[in-house]
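Trainee: Sharing a structure, written as structure tokens. Questions coming.
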Amino acid sequence: MKEKNRHLPKPTEVELELLRALWGMGSASVRELHEVVSRQRALGYTSVLKTLQIMTEKGLVERTEAGKAHIYHAAASQEETQNQLLRDLTERLFSGSAAQLAMHALSMQSASEEELQEIRKIIRQKREKQ
């Protein structure tokens with residue numbers, strides 16, 4: 001899914017759980033999503049169905065019909081959604097400073113050596129672009 005420059009609605013926590021499941025599965029019926037999500041939280045089938053209907057209206061998911069079942073898939077990629085949510089968070093909490101966001105995140109929780117190497121790589125790439 002190619003990233004588009006569009007504004008996506010902010011998903012609620014339950015909507016985000018359903019989106020994570022859809023990103024992992026590609027597409028799924030209400031029953032399949034209910035099976036996956038109910039492993040992590042007590043959520044009834046009708047709650048999943050109603051949430052998916054709301055998500056369809058908001059433009060977070062798209063629905064197609066396959067016989068009697070409705071098949072849902074995310075309207076935006078995981079990367080596109082993460083990018084927008086992080087941009088919004090960075091603007092609201094760190095006055096648009098990605099560096100402040102990164103420093104704060106690293107000070108809160110330790111990073112593995114592999115993650116630190118990846119961070120160093122990104123820093124090198126940013127320096128080369130200047």
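If you're wondering about the labels, chains in the structure tokens are A, B, ... by order shown, residues count from 1 in each chain, ligands from 1 in order shown.
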Counting only C-alpha atoms, which residues in region 4-106 of chain A sit no more than 12 Å from region 112-130 of chain A? For each one, give the nearest pair of atoms and the distance in Å, sorted by chain then residue number, as JSON lines.
Mentor:
```
{"residue": "A:Ala99", "atom": "CA", "partner": "A:Ile123", "partner_atom": "CA", "distance": 10.3}
{"residue": "A:Ala102", "atom": "CA", "partner": "A:Ile119", "partner_atom": "CA", "distance": 9.5}
{"residue": "A:Met103", "atom": "CA", "partner": "A:Ile119", "partner_atom": "CA", "distance": 11.1}
{"residue": "A:Leu106", "atom": "CA", "partner": "A:Leu116", "partner_atom": "CA", "distance": 9.7}
```
Trainee: Residues of chain A classed as helix (DSSP H, G or I) by DSSP on the backbone are to be reported as a ChimeraX atom specification.
Mentor: /A:13-25,30-37,45-58,78-94,98-108,113-129
Trainee: Can you pull out the residues contacting region 25-36 of chain A? Cut-off 10 Å, using only C-alpha atoms, and skip same-chain residues under 3 positions away; I want them as a short mmCIF file (atom, residue, chain, number, x, y, z; two decimals) with all heavy atoms, in the first residue's frame.
Mentor:
```cif
data_model
loop_
_atom_site.label_atom_id
_atom_site.label_comp_id
_atom_site.auth_asym_id
_atom_site.auth_seq_id
_atom_site.Cartn_x
_atom_site.Cartn_y
_atom_site.Cartn_z
N GLU A 17 -6.23 -1.72 18.03
CA GLU A 17 -6.05 -3.17 18.17
C GLU A 17 -6.57 -3.90 16.94
O GLU A 17 -5.93 -4.83 16.44
CB GLU A 17 -6.75 -3.69 19.42
CG GLU A 17 -6.04 -3.36 20.70
CD GLU A 17 -6.72 -3.96 21.92
OE1 GLU A 17 -7.11 -5.14 21.86
OE2 GLU A 17 -6.87 -3.23 22.91
N LEU A 18 -7.73 -3.49 16.45
CA LEU A 18 -8.28 -4.11 15.24
C LEU A 18 -7.40 -3.83 14.03
O LEU A 18 -7.18 -4.71 13.19
CB LEU A 18 -9.72 -3.64 15.00
CG LEU A 18 -10.75 -4.13 16.01
CD1 LEU A 18 -12.09 -3.44 15.80
CD2 LEU A 18 -10.92 -5.64 15.92
N LEU A 19 -6.89 -2.60 13.94
CA LEU A 19 -5.98 -2.27 12.84
C LEU A 19 -4.71 -3.12 12.90
O LEU A 19 -4.25 -3.63 11.87
CB LEU A 19 -5.62 -0.79 12.85
CG LEU A 19 -6.71 0.17 12.36
CD1 LEU A 19 -6.33 1.61 12.62
CD2 LEU A 19 -6.99 -0.06 10.88
N ARG A 20 -4.14 -3.29 14.10
CA ARG A 20 -2.93 -4.13 14.22
C ARG A 20 -3.21 -5.55 13.72
O ARG A 20 -2.39 -6.14 13.02
CB ARG A 20 -2.46 -4.18 15.68
CG ARG A 20 -1.67 -2.99 16.10
CD ARG A 20 -1.03 -3.22 17.49
NE ARG A 20 -0.88 -1.97 18.18
CZ ARG A 20 -1.64 -1.54 19.20
NH1 ARG A 20 -2.60 -2.30 19.68
NH2 ARG A 20 -1.43 -0.37 19.73
N ALA A 21 -4.36 -6.07 14.10
CA ALA A 21 -4.72 -7.41 13.64
C ALA A 21 -4.86 -7.44 12.12
O ALA A 21 -4.35 -8.35 11.45
CB ALA A 21 -6.03 -7.86 14.31
N LEU A 22 -5.51 -6.42 11.56
CA LEU A 22 -5.68 -6.37 10.10
C LEU A 22 -4.35 -6.21 9.38
O LEU A 22 -4.13 -6.81 8.32
CB LEU A 22 -6.63 -5.24 9.71
CG LEU A 22 -8.11 -5.52 9.93
CD1 LEU A 22 -8.94 -4.27 9.71
CD2 LEU A 22 -8.59 -6.65 9.02
N ARG A 39 -8.39 -12.67 22.22
CA ARG A 39 -7.29 -13.30 22.97
C ARG A 39 -6.61 -12.30 23.90
O ARG A 39 -6.03 -12.68 24.90
CB ARG A 39 -6.24 -13.86 22.01
CG ARG A 39 -6.72 -15.02 21.17
CD ARG A 39 -5.63 -15.52 20.25
NE ARG A 39 -6.23 -16.30 19.17
CZ ARG A 39 -5.78 -16.34 17.94
NH1 ARG A 39 -4.69 -15.67 17.61
NH2 ARG A 39 -6.38 -17.06 17.03
N GLN A 40 -6.67 -11.01 23.54
CA GLN A 40 -6.00 -9.97 24.33
C GLN A 40 -6.95 -9.22 25.26
O GLN A 40 -6.54 -8.71 26.27
CB GLN A 40 -5.32 -8.97 23.39
CG GLN A 40 -4.14 -9.57 22.67
CD GLN A 40 -4.14 -9.21 21.19
OE1 GLN A 40 -5.02 -8.53 20.70
NE2 GLN A 40 -3.14 -9.70 20.47
N ARG A 41 -8.20 -9.13 24.92
CA ARG A 41 -9.17 -8.41 25.76
C ARG A 41 -10.55 -9.03 25.57
O ARG A 41 -10.84 -9.57 24.51
CB ARG A 41 -9.17 -6.92 25.47
CG ARG A 41 -9.96 -6.51 24.27
CD ARG A 41 -10.36 -5.05 24.21
NE ARG A 41 -9.27 -4.13 24.27
CZ ARG A 41 -9.38 -2.91 24.74
NH1 ARG A 41 -10.53 -2.48 25.18
NH2 ARG A 41 -8.36 -2.09 24.75
N ALA A 42 -11.36 -8.93 26.59
CA ALA A 42 -12.73 -9.44 26.52
C ALA A 42 -13.55 -8.48 25.66
O ALA A 42 -13.88 -7.38 26.08
CB ALA A 42 -13.32 -9.56 27.91
N LEU A 43 -13.82 -8.90 24.45
CA LEU A 43 -14.56 -8.08 23.50
C LEU A 43 -15.53 -8.99 22.76
O LEU A 43 -15.11 -9.97 22.14
CB LEU A 43 -13.58 -7.42 22.53
CG LEU A 43 -14.02 -6.19 21.78
CD1 LEU A 43 -14.41 -5.06 22.73
CD2 LEU A 43 -12.92 -5.70 20.86
N GLY A 44 -16.81 -8.69 22.84
CA GLY A 44 -17.82 -9.52 22.21
C GLY A 44 -17.83 -9.36 20.69
O GLY A 44 -17.36 -8.37 20.14
N TYR A 45 -18.41 -10.35 20.04
CA TYR A 45 -18.52 -10.35 18.58
C TYR A 45 -19.24 -9.09 18.10
O TYR A 45 -18.80 -8.44 17.16
CB TYR A 45 -19.25 -11.61 18.11
CG TYR A 45 -19.49 -11.65 16.63
CD1 TYR A 45 -18.54 -12.19 15.77
CD2 TYR A 45 -20.67 -11.14 16.07
CE1 TYR A 45 -18.75 -12.22 14.40
CE2 TYR A 45 -20.88 -11.17 14.71
CZ TYR A 45 -19.92 -11.70 13.87
OH TYR A 45 -20.13 -11.73 12.52
N THR A 46 -20.37 -8.76 18.74
CA THR A 46 -21.14 -7.59 18.29
C THR A 46 -20.37 -6.29 18.52
O THR A 46 -20.53 -5.34 17.76
CB THR A 46 -22.51 -7.51 18.98
OG1 THR A 46 -22.33 -7.55 20.39
CG2 THR A 46 -23.40 -8.67 18.55
N SER A 47 -19.52 -6.25 19.54
CA SER A 47 -18.68 -5.06 19.77
C SER A 47 -17.66 -4.90 18.66
O SER A 47 -17.41 -3.78 18.19
CB SER A 47 -17.96 -5.16 21.12
OG SER A 47 -18.89 -5.15 22.17
N VAL A 48 -17.08 -6.02 18.23
CA VAL A 48 -16.12 -5.97 17.11
C VAL A 48 -16.85 -5.51 15.86
O VAL A 48 -16.36 -4.64 15.12
CB VAL A 48 -15.44 -7.34 16.90
CG1 VAL A 48 -14.60 -7.35 15.63
CG2 VAL A 48 -14.59 -7.71 18.12
N LEU A 49 -18.03 -6.08 15.60
CA LEU A 49 -18.81 -5.71 14.43
C LEU A 49 -19.14 -4.22 14.43
O LEU A 49 -18.93 -3.52 13.43
CB LEU A 49 -20.10 -6.53 14.36
CG LEU A 49 -21.09 -6.16 13.27
CD1 LEU A 49 -20.48 -6.33 11.89
CD2 LEU A 49 -22.36 -7.00 13.40
N LYS A 50 -19.66 -3.71 15.55
CA LYS A 50 -20.04 -2.30 15.65
C LYS A 50 -18.81 -1.40 15.48
O LYS A 50 -18.87 -0.37 14.79
CB LYS A 50 -20.73 -2.01 17.00
CG LYS A 50 -21.20 -0.59 17.15
CD LYS A 50 -22.26 -0.25 16.12
CE LYS A 50 -22.76 1.16 16.31
NZ LYS A 50 -23.58 1.59 15.18
N LEU A 52 -16.08 -2.08 13.82
CA LEU A 52 -15.70 -2.11 12.40
C LEU A 52 -16.63 -1.24 11.55
O LEU A 52 -16.19 -0.59 10.60
CB LEU A 52 -15.68 -3.55 11.87
CG LEU A 52 -14.50 -4.38 12.35
CD1 LEU A 52 -14.73 -5.86 12.05
CD2 LEU A 52 -13.20 -3.90 11.71
N VAL A 61 -11.04 1.65 7.84
CA VAL A 61 -11.05 0.36 7.17
C VAL A 61 -11.96 0.43 5.96
O VAL A 61 -12.81 1.31 5.86
CB VAL A 61 -11.50 -0.80 8.10
CG1 VAL A 61 -10.54 -0.99 9.26
CG2 VAL A 61 -12.92 -0.61 8.58
N GLU A 62 -11.77 -0.52 5.08
CA GLU A 62 -12.64 -0.66 3.91
C GLU A 62 -13.23 -2.05 3.95
O GLU A 62 -12.61 -2.98 4.45
CB GLU A 62 -11.84 -0.42 2.62
CG GLU A 62 -11.33 1.01 2.54
CD GLU A 62 -10.37 1.24 1.39
OE1 GLU A 62 -9.93 0.26 0.75
OE2 GLU A 62 -10.06 2.41 1.14
N ARG A 63 -14.44 -2.19 3.42
CA ARG A 63 -15.17 -3.45 3.50
C ARG A 63 -15.58 -3.92 2.12
O ARG A 63 -16.01 -3.13 1.28
CB ARG A 63 -16.41 -3.23 4.37
CG ARG A 63 -17.31 -4.43 4.50
CD ARG A 63 -18.50 -4.13 5.37
NE ARG A 63 -19.36 -3.15 4.71
CZ ARG A 63 -20.21 -2.36 5.35
NH1 ARG A 63 -20.31 -2.41 6.66
NH2 ARG A 63 -20.95 -1.51 4.68
N THR A 64 -15.42 -5.21 1.90
CA THR A 64 -15.92 -5.85 0.69
C THR A 64 -16.79 -7.02 1.10
O THR A 64 -16.67 -7.54 2.21
CB THR A 64 -14.77 -6.35 -0.22
OG1 THR A 64 -13.94 -7.25 0.53
CG2 THR A 64 -13.92 -5.21 -0.73
N GLU A 65 -17.66 -7.43 0.22
CA GLU A 65 -18.53 -8.56 0.51
C GLU A 65 -18.00 -9.80 -0.15
O GLU A 65 -17.59 -9.78 -1.30
CB GLU A 65 -19.96 -8.27 0.04
CG GLU A 65 -20.63 -7.18 0.84
CD GLU A 65 -22.09 -6.99 0.46
OE1 GLU A 65 -22.74 -7.97 0.06
OE2 GLU A 65 -22.57 -5.86 0.59
N ALA A 66 -18.02 -10.90 0.61
CA ALA A 66 -17.63 -12.22 0.10
C ALA A 66 -18.72 -13.19 0.52
O ALA A 66 -18.68 -13.73 1.63
CB ALA A 66 -16.28 -12.63 0.64
N ALA A 69 -20.41 -12.97 4.18
CA ALA A 69 -19.44 -12.32 5.09
C ALA A 69 -18.95 -11.00 4.51
O ALA A 69 -18.87 -10.81 3.31
CB ALA A 69 -18.25 -13.24 5.33
N HIS A 70 -18.64 -10.08 5.42
CA HIS A 70 -17.96 -8.85 5.05
C HIS A 70 -16.49 -9.03 5.39
O HIS A 70 -16.15 -9.48 6.48
CB HIS A 70 -18.53 -7.65 5.83
CG HIS A 70 -19.88 -7.25 5.37
ND1 HIS A 70 -20.93 -7.08 6.23
CD2 HIS A 70 -20.35 -6.99 4.13
CE1 HIS A 70 -21.99 -6.72 5.55
NE2 HIS A 70 -21.68 -6.67 4.27
N ILE A 71 -15.64 -8.66 4.45
CA ILE A 71 -14.19 -8.76 4.64
C ILE A 71 -13.65 -7.34 4.78
O ILE A 71 -13.93 -6.47 3.95
CB ILE A 71 -13.51 -9.48 3.45
CG1 ILE A 71 -14.14 -10.86 3.22
CG2 ILE A 71 -12.01 -9.58 3.68
CD1 ILE A 71 -14.02 -11.82 4.40
N TYR A 72 -12.87 -7.14 5.83
CA TYR A 72 -12.32 -5.82 6.14
C TYR A 72 -10.82 -5.80 5.91
O TYR A 72 -10.14 -6.81 6.12
CB TYR A 72 -12.61 -5.47 7.61
CG TYR A 72 -14.07 -5.25 7.89
CD1 TYR A 72 -14.91 -6.31 8.21
CD2 TYR A 72 -14.62 -3.97 7.82
CE1 TYR A 72 -16.25 -6.11 8.46
CE2 TYR A 72 -15.98 -3.77 8.07
CZ TYR A 72 -16.78 -4.84 8.39
OH TYR A 72 -18.11 -4.63 8.64
N HIS A 73 -10.33 -4.66 5.48
CA HIS A 73 -8.88 -4.42 5.41
C HIS A 73 -8.61 -2.96 5.78
O HIS A 73 -9.49 -2.10 5.62
CB HIS A 73 -8.29 -4.79 4.04
CG HIS A 73 -8.76 -3.92 2.93
ND1 HIS A 73 -9.92 -4.15 2.23
CD2 HIS A 73 -8.23 -2.79 2.41
CE1 HIS A 73 -10.08 -3.21 1.31
NE2 HIS A 73 -9.07 -2.37 1.40
N ALA A 74 -7.41 -2.72 6.27
CA ALA A 74 -7.05 -1.37 6.69
C ALA A 74 -7.00 -0.45 5.47
O ALA A 74 -6.50 -0.83 4.41
CB ALA A 74 -5.69 -1.39 7.39
#
```
Trainee: Quick one: pull the distance between CA of Thr81 (chain A) and CA of Pro11 (chain A), Å, one decimal.
Mentor: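 We find that CA of Thr81 (chain A) and CA of Pro11 (chain A) lie 9.2 Å from each other.
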Trainee: Suppose you want the space between CA of Thr12 (chain A) and CA of Ser97 (chain A); what is it in Å?
Mentor: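 Result for CA of Thr12 (chain A) versus CA of Ser97 (chain A): 24.4 Å, one decimal.
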Trainee: Hey, what's within 6 Å of Leu60 (chain A) if we count only C-alpha atoms and toss same-chain stuff fewer than 3 positions away? As a PyMOL selection string, please?
Mentor: chain A and resi 55-56+75
Trainee: Compare A:Met108, A:Val37, A:Ala98, A:Leu85 by their minimum atom-to-atom distance to Leu8 (chain A), counting only C-alpha atoms, and give me the closest one.
Mentor: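 Checking each of A:Met108, A:Val37, A:Ala98, A:Leu85 against Leu8 (chain A), counting only C-alpha atoms, the winner is A:Leu85.
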Trainee: Restricting the calculation to only C-alpha atoms: of A:Ile54, A:Lys10, A:Ala111, A:Leu16, which residue gets closest to Leu89 (chain A)?
Mentor: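 Nearest candidate to Leu89 (chain A) out of A:Ile54, A:Lys10, A:Ala111, A:Leu16: A:Lys10.
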